[in-house]
Amino acid sequence: DYRAAWRHLRSLADKAGNPRLHATLVLMSWSLEAESGRDWRDYYPGRDVIQVLGWDTYNLGWKKGRYDSPSTMYDRVLTVSEKERLPFGIAETGSFLIAGDKGDQRAAWIRATNAYLEKHGALWVSYFDLDWETGDYRLLDAPSRKAWQDFC
């Protein structure tokens with residue numbers, strides 16, 4: 001039923017005749033990790049249906065007091081997207097401000113992340129600017145806000 005629903009949505013998108021409308025599946029990059037207990041393919045109706053892969057990927061290094069490198073965060077996403085021969089975008093990304101950082105380190109991480117994603121052809125990148133139940137992703141410090149504004 002799930003795959004049939006996706007096929008129906010894809011047919012509606014095709015009938016709309018809007019070249020900017022693409023069937024986009026958004027997955028958590030966590031789904032690519034064995035520890036998640038998930039198989040991302042369970043959610044994937046196939047390349048004949050999906051036109052773009054979107055990914056939610058967050059800096060989990062904050063738990064260890066660091067900003068993970070872009071390759072640590074996105075290499076698996078790139079591998080899956082390339083293997084499926086589909087363009088990709090980052091539907092959600094972000095990081096908590098790590099302890100002791102006044103924003104300069106996160107700003108450098110934002111710049112490095114966006115440069116990496118741009119280099120690898122991301123169609124879009126959206127920052128998860130929200131005070132979430134587990135912590136605050138918002139860009140309230142000037143350096144982080146400036147880094148994101150420079151990208152946008």
# chains A, B, ... in the order shown; residues from 1 in each chain; ligands from 1
>>> residues_around(residues="Gly61 (chain A)", least_positions_apart="6", cutoff="10 Å", atoms="only C-alpha atoms", output="CSV table (one decimal) with C-alpha atoms, in the first residue's frame")
chain,number,residue,atom,x,y,z
A,67,TYR,CA,31.2,19.4,15.7
A,68,ASP,CA,31.5,16.3,13.4
A,69,SER,CA,33.2,16.8,10.1
A,72,THR,CA,31.5,12.0,8.9
A,73,MET,CA,28.0,13.3,8.7
A,95,SER,CA,23.8,21.4,15.7
A,96,PHE,CA,23.4,22.4,19.3
A,98,ILE,CA,28.7,22.8,22.1
>>> select_by_dssp(residues="chain A", states="strand (DSSP E)", output="list in words")
Thr24, Leu25, Val26, Leu27, Met28, Val52, Leu53, Gly54, Trp55, Asp56, Thr57, Tyr58, Phe88, Gly89, Ile90, Ala91, Glu92, Thr93, Gly94, Val125, Ser126, Tyr127, Asp131, Trp132, Gly135 and Asp136 of chain A
>>> select_by_dssp(residues="region 33-148 of chain A", states="alpha helix (DSSP H)", output="PDB file with C-alpha atoms, in the first residue's frame")
ATOM      1  CA  PRO A  70      30.950  17.057   7.025  1.00  0.00           C
ATOM      2  CA  SER A  71      32.360  13.793   5.671  1.00  0.00           C
ATOM      3  CA  THR A  72      31.501  12.013   8.932  1.00  0.00           C
ATOM      4  CA  MET A  73      27.975  13.341   8.724  1.00  0.00           C
ATOM      5  CA  TYR A  74      27.207  13.089   5.014  1.00  0.00           C
ATOM      6  CA  ASP A  75      29.396  10.459   3.323  1.00  0.00           C
ATOM      7  CA  ARG A  76      26.824   7.684   3.757  1.00  0.00           C
ATOM      8  CA  VAL A  77      24.092   9.982   2.441  1.00  0.00           C
ATOM      9  CA  LEU A  78      26.212  10.735  -0.618  1.00  0.00           C
ATOM     10  CA  THR A  79      27.002   7.072  -1.166  1.00  0.00           C
ATOM     11  CA  VAL A  80      23.334   6.027  -1.134  1.00  0.00           C
ATOM     12  CA  SER A  81      22.254   8.950  -3.316  1.00  0.00           C
ATOM     13  CA  GLU A  82      25.019   8.261  -5.841  1.00  0.00           C
ATOM     14  CA  LYS A  83      24.333   4.519  -5.849  1.00  0.00           C
ATOM     15  CA  ASP A 104      32.724  30.783  16.361  1.00  0.00           C
ATOM     16  CA  GLN A 105      33.234  27.007  16.199  1.00  0.00           C
ATOM     17  CA  ARG A 106      29.682  26.325  15.078  1.00  0.00           C
ATOM     18  CA  ALA A 107      30.006  29.089  12.461  1.00  0.00           C
ATOM     19  CA  ALA A 108      33.132  27.366  11.092  1.00  0.00           C
ATOM     20  CA  TRP A 109      31.233  24.062  11.099  1.00  0.00           C
ATOM     21  CA  ILE A 110      28.297  25.655   9.218  1.00  0.00           C
ATOM     22  CA  ARG A 111      30.646  27.082   6.609  1.00  0.00           C
ATOM     23  CA  ALA A 112      32.498  23.778   6.181  1.00  0.00           C
ATOM     24  CA  THR A 113      29.252  21.814   6.015  1.00  0.00           C
ATOM     25  CA  ASN A 114      27.685  24.078   3.424  1.00  0.00           C
ATOM     26  CA  ALA A 115      30.852  24.134   1.294  1.00  0.00           C
ATOM     27  CA  TYR A 116      31.008  20.332   1.417  1.00  0.00           C
ATOM     28  CA  LEU A 117      27.357  19.934   0.446  1.00  0.00           C
ATOM     29  CA  GLU A 118      27.667  22.519  -2.310  1.00  0.00           C
ATOM     30  CA  LYS A 119      30.773  20.750  -3.666  1.00  0.00           C
ATOM     31  CA  ALA A 142      26.028  36.253  15.877  1.00  0.00           C
ATOM     32  CA  PRO A 143      28.816  34.121  14.321  1.00  0.00           C
ATOM     33  CA  SER A 144      26.508  31.174  13.528  1.00  0.00           C
ATOM     34  CA  ARG A 145      23.762  33.434  12.222  1.00  0.00           C
ATOM     35  CA  LYS A 146      26.261  35.257   9.974  1.00  0.00           C
ATOM     36  CA  ALA A 147      27.672  31.972   8.626  1.00  0.00           C
ATOM     37  CA  TRP A 148      24.180  30.824   7.664  1.00  0.00           C
TER      38      TRP A 148
END
>>> atom_distance(atom1="CA of Ala4 (chain A)", atom2="CA of Asp48 (chain A)")
12.3 Å
>>> atom_distance(atom1="CA of Lys63 (chain A)", atom2="CA of Leu139 (chain A)")
18.1 Å
>>> residues_around(residues="His8 (chain A)", least_positions_apart="6", cutoff="12 Å", atoms="only C-alpha atoms", output="VMD selection string")
chain A and resid 1 to 2 14 to 15 23 45 49 to 50
>>> residues_around(residues="region 26-36 of chain A", least_positions_apart="4", cutoff="10 Å", atoms="only C-alpha atoms", output="ChimeraX atom specification")
/A:40-41,43-44,52-58,73-74,76-77,80,88-92
>>> atom_distance(atom1="CA of Asn59 (chain A)", atom2="CA of Asp129 (chain A)")
13.4 Å
>>> residues_around(residues="Gly135 (chain A)", least_positions_apart="2", cutoff="10 Å", atoms="only C-alpha atoms", output="MDAnalysis selection string")
chainID A and resid 95:97 130:133 137:138
